[in-house]
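A.B. asks: Right, I'll just put the structure down here and ask away after.
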Amino acid sequence: MNPDRHLHIVCLDVPYPADYGGACEMYHKVVALSQAGVAVTLHCYDYGRGRQPELDRWCRAVHYYPRNEGHKGLSLKLPYIVASRSSPALAERLAADDDPVLFEGIHTTHPLHTGLLAGRRCFVRLHNLEHEYYAMLSRQAGFGVRRFLYALEGGLLRPYERGLAGRAVFLTLTEGEADRFRAFAPGVDARHLPAFTGRGRVSCQAGEGTFCLYHGNLSVPENEQAARWLLKEVFGRIELPFVVAGKRPSAALKRLAHSRPHTCMVEDPSARELDDLVRRAQVHVLPSFSETGVKFKLLNAVFAGRHVVADARMVRGTGLDTACRVTGGGEGFRREVSVLFRTRFCEGDVAGREALLARRYSDAGHAERLISWIWSHGR
């Protein structure tokens with residue numbers, strides 16, 4: 001490790017196991033920076049995942065803090081995702097030296113908000129533009145308490161995010177998010193840094209699969225909405241084998257997935273089971289109902305899967321549109337899926353993926369870019 005490159009990373013959750021998009025991005029960033037010679041002091045908010053010895057392999061120290069969930073994390077002035085992640089112990093540790101700090105998500109930026117780190121070199125990885133994300137959740141929640149709470153959180157996030165604009169460099173997952181954040185907070189230093197994936201090479205296989213696949217964390221409202229839409233508007237009208245796979249599906253979604261003989265659900269697959277499904281599928285079907293962040297289901301599909309059908313919101317700003325068949329609406333998805341289900345994924349398709357992803361999604365390359373920003377103070 002380079003003795004002059006010490007970095008604090010503050011994570012909104014324990015980033016291991018890397019079994020959902022945010023954890024995957026955080027964990028593989030820690031690994032890539034460590035492999036590039038950075039001495040990482042990792043700070044994690046733990047609210048159920050527990051201490052993970054795997055993290056000790058990559059960090060010079062790992063500290064865990066409880067999240068103040070429920071009424072303990074409520075504030076009249078701060079967003080809940082921030083107020084519930086405020087820790088005097090974390091503030092004390094950050095104040096003990098002058099090392100740069102990388103905050104993972106707006107969620108973890110309470111020490112930045114308080115002015116504790118004035119004059120320090122600080123970075124914030126935006127996992128979403130959170131005010132946009134909570135506005136989207138509010139629109140999708142229908143009428144009731146959840147809609148009100150999401151709207152309230154979004155209303156608190158708008159001034160909070162603007163208030164941080166001059167205190168850190170902001171790292172976005174897509175070019176479009178960097179542009180939107182600059183428009184939202186004029187004068188902000190927002191830079192595009194693609195997601196860290198942990199995938200060293202393309203592993204997709206030439207040949208033909210026997211089913212179509214949608215995968216994701218099904219407890220996330222947007223993902224459940226996408227799965228329900230596919231089951232009704234696409235595979236409710238074409239009889240091709242379709243699998244929905246993911247964590248914590250609702251009972252209603254499980255009933256819908258098993259309501260037809262050609263559709264089914266794989267509930268809570270292990271990482272190995274999910275990787276096997278991704279590799280064996282013939283067509284990945286990926287609609288999106290928002291433009292927030294990079295969807296790791298898309299990265300998984302283009303790195304390890306065969307054909308991908310996605311809408312414009314899923315691929316915008318990712319640079320992955322050439323690896324997908326981009327369409328929209330039920331008719332568009334039905335048409336493209338029907339064609340690709342009978343189209344062999346060939347060696348030329350694999351080579352095209354390798355060339356594209358080597359240019360745009362190299363963890364080592366991303367780490368070197370981030371290191372240059374942190375320690376050269378340049379763009």
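Naming works like this for the structure tokens: A, B, ... for the chains as they're shown, residue 1 at the start of each chain, ligands 1 onward in shown order.
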When you look at Cys324 (chain A) with a cut-off of 9 Å (counting only C-alpha atoms), what residues show up, excluding the ones that are within fewer than 2 positions of it in the same chain? I need them as a PyMOL selection string.
C.D. replies: chain A and resi 302+307-310+315+320-322+326
A.B. asks: As a PDB file with C-alpha atoms, in the first residue's frame, please: the residues near Glu25 (chain A) (cut-off 8 Å, only C-alpha atoms, same-chain neighbours under 4 positions excluded).
C.D. replies:
ATOM      1  CA  ALA A  18     -22.330  -8.111  -2.364  1.00  0.00           C
ATOM      2  CA  GLY A  21     -26.682  -3.388  -6.392  1.00  0.00           C
ATOM      3  CA  LYS A  29     -14.883  -0.216  -5.069  1.00  0.00           C
ATOM      4  CA  ALA A 195     -20.132   1.552 -11.442  1.00  0.00           C
ATOM      5  CA  PHE A 196     -17.630  -0.892 -10.011  1.00  0.00           C
ATOM      6  CA  THR A 197     -18.890  -4.370 -10.906  1.00  0.00           C
TER       7      THR A 197
END
A.B. asks: Applying 8 Å and only C-alpha atoms, which residues near Phe123 (chain A) remain after dropping the ones on its own chain fewer than 2 positions away? List them as a ChimeraX atom specification.
C.D. replies: /A:101-103,121,125,168-171
A.B. asks: Name the residues of region 39-159 of chain A that fall into strand (DSSP E) according to DSSP on the backbone, using the chain letters and numbers of this document, as a PDB file with C-alpha atoms, in the first residue's frame.
C.D. replies:
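Output (part00.pdb):
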ATOM      1  CA  ALA A  39      -5.152   2.067   2.650  1.00  0.00           C
ATOM      2  CA  VAL A  40      -8.904   2.103   3.354  1.00  0.00           C
ATOM      3  CA  THR A  41     -10.481   2.772   6.725  1.00  0.00           C
ATOM      4  CA  LEU A  42     -14.034   1.544   6.298  1.00  0.00           C
ATOM      5  CA  HIS A  43     -17.025   2.799   8.296  1.00  0.00           C
ATOM      6  CA  CYS A  44     -20.313   0.858   7.971  1.00  0.00           C
ATOM      7  CA  TYR A  45     -23.820   1.379   9.280  1.00  0.00           C
ATOM      8  CA  ASP A  46     -25.019  -2.049  10.380  1.00  0.00           C
ATOM      9  CA  ALA A  61      -9.552  -0.960   9.812  1.00  0.00           C
ATOM     10  CA  VAL A  62     -13.332  -1.577   9.741  1.00  0.00           C
ATOM     11  CA  HIS A  63     -15.732   0.184  12.114  1.00  0.00           C
ATOM     12  CA  TYR A  64     -19.441  -0.583  12.545  1.00  0.00           C
ATOM     13  CA  TYR A  65     -22.147   1.804  13.768  1.00  0.00           C
ATOM     14  CA  PRO A  66     -25.814   1.152  14.579  1.00  0.00           C
ATOM     15  CA  VAL A 101     -13.294  10.971   2.904  1.00  0.00           C
ATOM     16  CA  LEU A 102     -15.553   9.162   0.436  1.00  0.00           C
ATOM     17  CA  PHE A 103     -19.223   9.072   1.470  1.00  0.00           C
ATOM     18  CA  GLU A 104     -21.282   6.291  -0.088  1.00  0.00           C
ATOM     19  CA  CYS A 122     -14.421  14.976   0.427  1.00  0.00           C
ATOM     20  CA  PHE A 123     -16.302  12.982  -2.199  1.00  0.00           C
ATOM     21  CA  VAL A 124     -19.891  11.744  -2.298  1.00  0.00           C
ATOM     22  CA  ARG A 125     -20.857   8.763  -4.436  1.00  0.00           C
TER      23      ARG A 125
END
A.B. asks: Calculated over only C-alpha atoms, which of the candidates A:Arg248, A:Gly236, A:Gly207, A:Tyr361 has the smallest distance to Arg342 (chain A)?
C.D. replies: A:Gly207
A.B. asks: Distance CA of Arg369 (chain A)-CA of Arg93 (chain A), one decimal place?
C.D. replies: 26.5 Å
A.B. asks: List the spatial neighbours of Thr327 (chain A) as a list in words - criterion: any atom at most 9 Å away, only C-alpha atoms, same-chain residues fewer than 2 positions off excluded.
C.D. replies: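 With the cut-off at 9 Å, the set is Val309, Ala310, Asp311, Ala312, Arg325, Gly329, Gly332, Phe333 and Glu336 of chain A.
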A.B. asks: Determine, counting only C-alpha atoms, which protein, DNA and RNA residues have an atom within 10 Å of an atom of region 208-216 of chain A; residues of the same chain fewer than 5 positions away are not included. Present the result as a VMD selection string.
C.D. replies: chain A and resid 20 to 21 222 to 224 226 to 227 230 235 240 to 249 262 to 263 265 to 266 268 to 269 274 277 to 287 295 to 298 300 to 301 305 to 308 337 340 to 346
A.B. asks: Restricting the calculation to only C-alpha atoms, which member of A:Glu175, A:Glu92, A:Glu233, A:Glu161 is positioned closest to Glu331 (chain A)?
C.D. replies: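 Between A:Glu175, A:Glu92, A:Glu233, A:Glu161, the residue approaching Glu331 (chain A) most closely is A:Glu233.
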A.B. asks: So that I can check the secondary structure, give me every residue of region 70-272 of chain A assigned helix (DSSP H, G or I) by backbone DSSP, as a short mmCIF file (atom, residue, chain, number, x, y, z; two decimals) with N, CA and C atoms, in the first residue's frame.
C.D. replies:
data_model
loop_
_atom_site.label_atom_id
_atom_site.label_comp_id
_atom_site.auth_asym_id
_atom_site.auth_seq_id
_atom_site.Cartn_x
_atom_site.Cartn_y
_atom_site.Cartn_z
N GLY A 70 -36.46 3.73 12.97
CA GLY A 70 -37.74 4.08 13.57
C GLY A 70 -37.77 5.50 14.09
N HIS A 71 -38.47 5.71 15.19
CA HIS A 71 -38.64 7.07 15.71
C HIS A 71 -37.32 7.68 16.16
N LYS A 72 -36.31 6.84 16.49
CA LYS A 72 -35.02 7.35 16.93
C LYS A 72 -34.29 8.11 15.81
N GLY A 73 -34.63 7.81 14.57
CA GLY A 73 -33.97 8.46 13.45
C GLY A 73 -34.75 9.59 12.82
N TYR A 80 -34.80 11.44 6.68
CA TYR A 80 -34.67 10.27 7.54
C TYR A 80 -33.46 9.43 7.17
N ILE A 81 -33.17 9.29 5.87
CA ILE A 81 -32.04 8.45 5.47
C ILE A 81 -30.72 9.01 5.99
N VAL A 82 -30.67 10.32 6.27
CA VAL A 82 -29.48 10.97 6.82
C VAL A 82 -29.51 10.96 8.34
N ALA A 83 -30.61 11.42 8.92
CA ALA A 83 -30.71 11.53 10.37
C ALA A 83 -30.54 10.18 11.06
N PRO A 88 -21.97 10.04 16.66
CA PRO A 88 -20.85 10.77 17.27
C PRO A 88 -19.54 10.00 17.18
N ALA A 89 -19.58 8.68 17.27
CA ALA A 89 -18.35 7.88 17.18
C ALA A 89 -17.71 8.02 15.80
N LEU A 90 -18.54 8.02 14.76
CA LEU A 90 -18.01 8.23 13.41
C LEU A 90 -17.40 9.62 13.29
N ALA A 91 -18.10 10.64 13.75
CA ALA A 91 -17.58 12.02 13.68
C ALA A 91 -16.24 12.13 14.39
N GLU A 92 -16.12 11.50 15.54
CA GLU A 92 -14.87 11.56 16.30
C GLU A 92 -13.73 10.91 15.51
N ARG A 93 -13.98 9.78 14.90
CA ARG A 93 -12.93 9.10 14.14
C ARG A 93 -12.53 9.91 12.90
N LEU A 94 -13.50 10.50 12.21
CA LEU A 94 -13.17 11.28 11.02
C LEU A 94 -12.38 12.53 11.39
N ALA A 95 -12.67 13.09 12.55
CA ALA A 95 -11.98 14.33 12.97
C ALA A 95 -10.56 14.08 13.49
N ILE A 106 -25.86 9.91 -0.30
CA ILE A 106 -26.26 11.07 0.49
C ILE A 106 -26.57 10.65 1.93
N HIS A 107 -27.00 9.41 2.09
CA HIS A 107 -27.39 8.86 3.38
C HIS A 107 -26.33 9.08 4.47
N THR A 108 -25.06 9.03 4.10
CA THR A 108 -23.97 8.99 5.09
C THR A 108 -23.34 10.35 5.35
N HIS A 110 -23.99 13.11 7.03
CA HIS A 110 -24.24 13.97 8.18
C HIS A 110 -22.99 14.73 8.63
N PRO A 111 -21.80 14.09 8.71
CA PRO A 111 -20.59 14.85 9.10
C PRO A 111 -20.25 15.98 8.13
N LEU A 112 -20.60 15.81 6.87
CA LEU A 112 -20.37 16.86 5.88
C LEU A 112 -21.34 18.01 6.11
N HIS A 113 -22.59 17.68 6.39
CA HIS A 113 -23.64 18.67 6.63
C HIS A 113 -23.32 19.55 7.84
N GLU A 130 -31.33 11.47 -4.93
CA GLU A 130 -32.30 10.97 -3.98
C GLU A 130 -33.62 11.73 -4.00
N HIS A 131 -33.60 13.05 -4.25
CA HIS A 131 -34.87 13.77 -4.30
C HIS A 131 -35.72 13.28 -5.47
N GLU A 132 -35.07 12.93 -6.59
CA GLU A 132 -35.81 12.36 -7.72
C GLU A 132 -36.34 10.97 -7.38
N TYR A 133 -35.51 10.18 -6.72
CA TYR A 133 -35.89 8.80 -6.40
C TYR A 133 -37.10 8.78 -5.47
N TYR A 134 -37.11 9.64 -4.47
CA TYR A 134 -38.24 9.62 -3.53
C TYR A 134 -39.49 10.23 -4.15
N ALA A 135 -39.33 11.15 -5.07
CA ALA A 135 -40.49 11.65 -5.81
C ALA A 135 -41.10 10.53 -6.64
N MET A 136 -40.25 9.70 -7.26
CA MET A 136 -40.73 8.56 -8.02
C MET A 136 -41.45 7.55 -7.12
N LEU A 137 -40.88 7.26 -5.94
CA LEU A 137 -41.53 6.35 -5.01
C LEU A 137 -42.90 6.87 -4.58
N SER A 138 -42.98 8.18 -4.37
CA SER A 138 -44.26 8.77 -3.97
C SER A 138 -45.31 8.60 -5.07
N ARG A 139 -44.91 8.82 -6.31
CA ARG A 139 -45.85 8.66 -7.44
C ARG A 139 -46.34 7.23 -7.55
N GLN A 140 -45.47 6.27 -7.27
CA GLN A 140 -45.81 4.86 -7.46
C GLN A 140 -46.57 4.28 -6.27
N VAL A 145 -50.42 6.43 3.56
CA VAL A 145 -49.33 6.90 4.40
C VAL A 145 -47.99 6.85 3.67
N ARG A 146 -47.76 5.75 2.95
CA ARG A 146 -46.46 5.62 2.28
C ARG A 146 -46.23 6.75 1.28
N ARG A 147 -47.26 7.12 0.54
CA ARG A 147 -47.11 8.21 -0.42
C ARG A 147 -46.73 9.50 0.30
N PHE A 148 -47.38 9.78 1.42
CA PHE A 148 -47.08 10.99 2.18
C PHE A 148 -45.64 10.97 2.70
N LEU A 149 -45.20 9.82 3.25
CA LEU A 149 -43.85 9.73 3.82
C LEU A 149 -42.78 9.88 2.74
N TYR A 150 -43.00 9.26 1.58
CA TYR A 150 -42.04 9.41 0.48
C TYR A 150 -41.98 10.86 0.00
N ALA A 151 -43.13 11.50 -0.10
CA ALA A 151 -43.16 12.90 -0.53
C ALA A 151 -42.46 13.80 0.50
N LEU A 152 -42.68 13.52 1.78
CA LEU A 152 -42.03 14.29 2.84
C LEU A 152 -40.52 14.12 2.76
N GLU A 153 -40.06 12.89 2.58
CA GLU A 153 -38.62 12.65 2.49
C GLU A 153 -38.02 13.35 1.28
N GLY A 154 -38.71 13.27 0.14
CA GLY A 154 -38.22 13.97 -1.05
C GLY A 154 -38.16 15.47 -0.84
N GLY A 155 -39.15 16.03 -0.14
CA GLY A 155 -39.15 17.47 0.14
C GLY A 155 -38.00 17.89 1.04
N LEU A 156 -37.60 17.04 1.98
CA LEU A 156 -36.45 17.34 2.83
C LEU A 156 -35.13 17.15 2.09
N LEU A 157 -35.12 16.21 1.16
CA LEU A 157 -33.87 15.92 0.44
C LEU A 157 -33.48 17.04 -0.53
N ARG A 158 -34.45 17.70 -1.12
CA ARG A 158 -34.11 18.73 -2.12
C ARG A 158 -33.21 19.82 -1.54
N PRO A 159 -33.58 20.50 -0.46
CA PRO A 159 -32.68 21.53 0.09
C PRO A 159 -31.42 20.91 0.70
N TYR A 160 -31.53 19.71 1.25
CA TYR A 160 -30.36 19.08 1.87
C TYR A 160 -29.28 18.81 0.81
N GLU A 161 -29.68 18.24 -0.32
CA GLU A 161 -28.71 17.94 -1.38
C GLU A 161 -28.10 19.23 -1.93
N ARG A 162 -28.92 20.25 -2.15
CA ARG A 162 -28.39 21.53 -2.62
C ARG A 162 -27.40 22.13 -1.62
N GLY A 163 -27.69 21.97 -0.35
CA GLY A 163 -26.84 22.54 0.68
C GLY A 163 -25.46 21.92 0.76
N GLU A 175 -23.68 9.62 -16.95
CA GLU A 175 -23.42 10.98 -17.43
C GLU A 175 -24.67 11.84 -17.29
N GLY A 176 -25.84 11.23 -17.53
CA GLY A 176 -27.08 11.98 -17.41
C GLY A 176 -27.32 12.49 -16.01
N GLU A 177 -26.98 11.69 -15.00
CA GLU A 177 -27.16 12.13 -13.62
C GLU A 177 -26.22 13.28 -13.28
N ALA A 178 -25.01 13.24 -13.82
CA ALA A 178 -24.08 14.36 -13.60
C ALA A 178 -24.68 15.65 -14.17
N ASP A 179 -25.24 15.58 -15.37
CA ASP A 179 -25.85 16.76 -15.99
C ASP A 179 -27.05 17.25 -15.18
N ARG A 180 -27.89 16.31 -14.72
CA ARG A 180 -29.09 16.71 -13.97
C ARG A 180 -28.72 17.29 -12.61
N PHE A 181 -27.66 16.78 -11.99
CA PHE A 181 -27.28 17.31 -10.69
C PHE A 181 -26.68 18.70 -10.83
N ARG A 182 -25.93 18.95 -11.92
CA ARG A 182 -25.40 20.29 -12.16
C ARG A 182 -26.54 21.29 -12.39
N ALA A 183 -27.57 20.86 -13.10
CA ALA A 183 -28.72 21.74 -13.33
C ALA A 183 -29.49 21.98 -12.04
N PHE A 184 -29.57 20.97 -11.21
CA PHE A 184 -30.30 21.07 -9.93
C PHE A 184 -29.56 21.95 -8.93
N PRO A 221 -39.96 -1.45 -4.63
CA PRO A 221 -41.22 -1.22 -5.35
C PRO A 221 -41.07 -1.13 -6.87
N GLU A 222 -40.03 -0.45 -7.34
CA GLU A 222 -39.85 -0.32 -8.79
C GLU A 222 -39.64 -1.68 -9.45
N ASN A 223 -38.90 -2.57 -8.80
CA ASN A 223 -38.65 -3.89 -9.36
C ASN A 223 -39.91 -4.74 -9.37
N GLU A 224 -40.70 -4.65 -8.30
CA GLU A 224 -41.97 -5.38 -8.31
C GLU A 224 -42.88 -4.85 -9.42
N GLN A 225 -42.90 -3.55 -9.61
CA GLN A 225 -43.72 -2.96 -10.66
C GLN A 225 -43.29 -3.47 -12.03
N ALA A 226 -41.97 -3.55 -12.26
CA ALA A 226 -41.46 -4.05 -13.54
C ALA A 226 -41.84 -5.51 -13.75
N ALA A 227 -41.69 -6.32 -12.70
CA ALA A 227 -42.03 -7.74 -12.83
C ALA A 227 -43.51 -7.93 -13.11
N ARG A 228 -44.36 -7.19 -12.41
CA ARG A 228 -45.81 -7.30 -12.64
C ARG A 228 -46.17 -6.87 -14.06
N TRP A 229 -45.53 -5.81 -14.52
CA TRP A 229 -45.81 -5.32 -15.88
C TRP A 229 -45.42 -6.38 -16.91
N LEU A 230 -44.26 -6.99 -16.74
CA LEU A 230 -43.83 -8.03 -17.68
C LEU A 230 -44.78 -9.23 -17.66
N LEU A 231 -45.20 -9.65 -16.48
CA LEU A 231 -46.10 -10.80 -16.37
C LEU A 231 -47.46 -10.53 -17.02
N LYS A 232 -47.90 -9.27 -16.96
CA LYS A 232 -49.21 -8.94 -17.52
C LYS A 232 -49.14 -8.51 -18.98
N GLU A 233 -48.25 -7.55 -19.28
CA GLU A 233 -48.27 -6.91 -20.59
C GLU A 233 -47.41 -7.60 -21.64
N VAL A 234 -46.45 -8.40 -21.22
CA VAL A 234 -45.58 -9.08 -22.19
C VAL A 234 -45.88 -10.58 -22.19
N ALA A 251 -46.35 -11.78 -1.67
CA ALA A 251 -47.24 -12.92 -1.93
C ALA A 251 -48.04 -12.70 -3.21
N ALA A 252 -48.46 -11.47 -3.45
CA ALA A 252 -49.25 -11.18 -4.66
C ALA A 252 -48.42 -11.40 -5.92
N LEU A 253 -47.13 -11.00 -5.89
CA LEU A 253 -46.29 -11.21 -7.06
C LEU A 253 -46.03 -12.70 -7.28
N LYS A 254 -45.85 -13.46 -6.22
CA LYS A 254 -45.66 -14.91 -6.37
C LYS A 254 -46.89 -15.56 -7.00
N ARG A 255 -48.07 -15.16 -6.54
CA ARG A 255 -49.29 -15.73 -7.12
C ARG A 255 -49.38 -15.41 -8.61
N LEU A 256 -49.06 -14.16 -8.96
CA LEU A 256 -49.14 -13.77 -10.37
C LEU A 256 -48.13 -14.55 -11.21
N ALA A 257 -46.91 -14.74 -10.71
CA ALA A 257 -45.87 -15.45 -11.47
C ALA A 257 -46.24 -16.90 -11.72
N ALA A 271 -26.48 -16.57 -4.64
CA ALA A 271 -25.67 -15.90 -5.66
C ALA A 271 -25.31 -16.87 -6.78
N ARG A 272 -24.98 -18.10 -6.42
CA ARG A 272 -24.63 -19.09 -7.45
C ARG A 272 -25.83 -19.44 -8.32
#
A.B. asks: Could you tell me how far CA of His28 (chain A) lies from CA of Arg191 (chain A), in Å and to one decimal?
C.D. replies: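 Those two atoms sit 19.2 Å apart.
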A.B. asks: Interatomic distance between CA of Val38 (chain A) and CA of His6 (chain A)?
C.D. replies: 6.0 Å
A.B. asks: Residues near Leu55 (chain A), anyone? I mean within 10 Å using only C-alpha atoms, not counting same-chain ones fewer than 5 positions away, as a list in words.
C.D. replies: Val14, Pro15, Tyr16, Pro17, Tyr27, Val30, Val31, Leu42, Arg60, Ala61 and Val62 of chain A
A.B. asks: May I ask which of the residues A:Leu357, A:Asp13, A:Leu218, A:Pro100 is the closest one to Met26 (chain A), counting only C-alpha atoms?
C.D. replies: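 Looking only at the distances to Met26 (chain A), the closest residue turns out to be A:Asp13.
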A.B. asks: For Tyr47 (chain A), which residue among A:His8, A:Lys77, A:Arg85, A:His127 is the nearest when counting only C-alpha atoms?
C.D. replies: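 Selected residue with least distance to Tyr47 (chain A): A:Arg85.
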A.B. asks: Determine the nearest neighbour of Arg359 (chain A) from the options A:Gly115, A:Ile371, A:Glu267, A:Pro194, counting only C-alpha atoms.
C.D. replies: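 With only C-alpha atoms as the atom set, the closest residue is A:Pro194.
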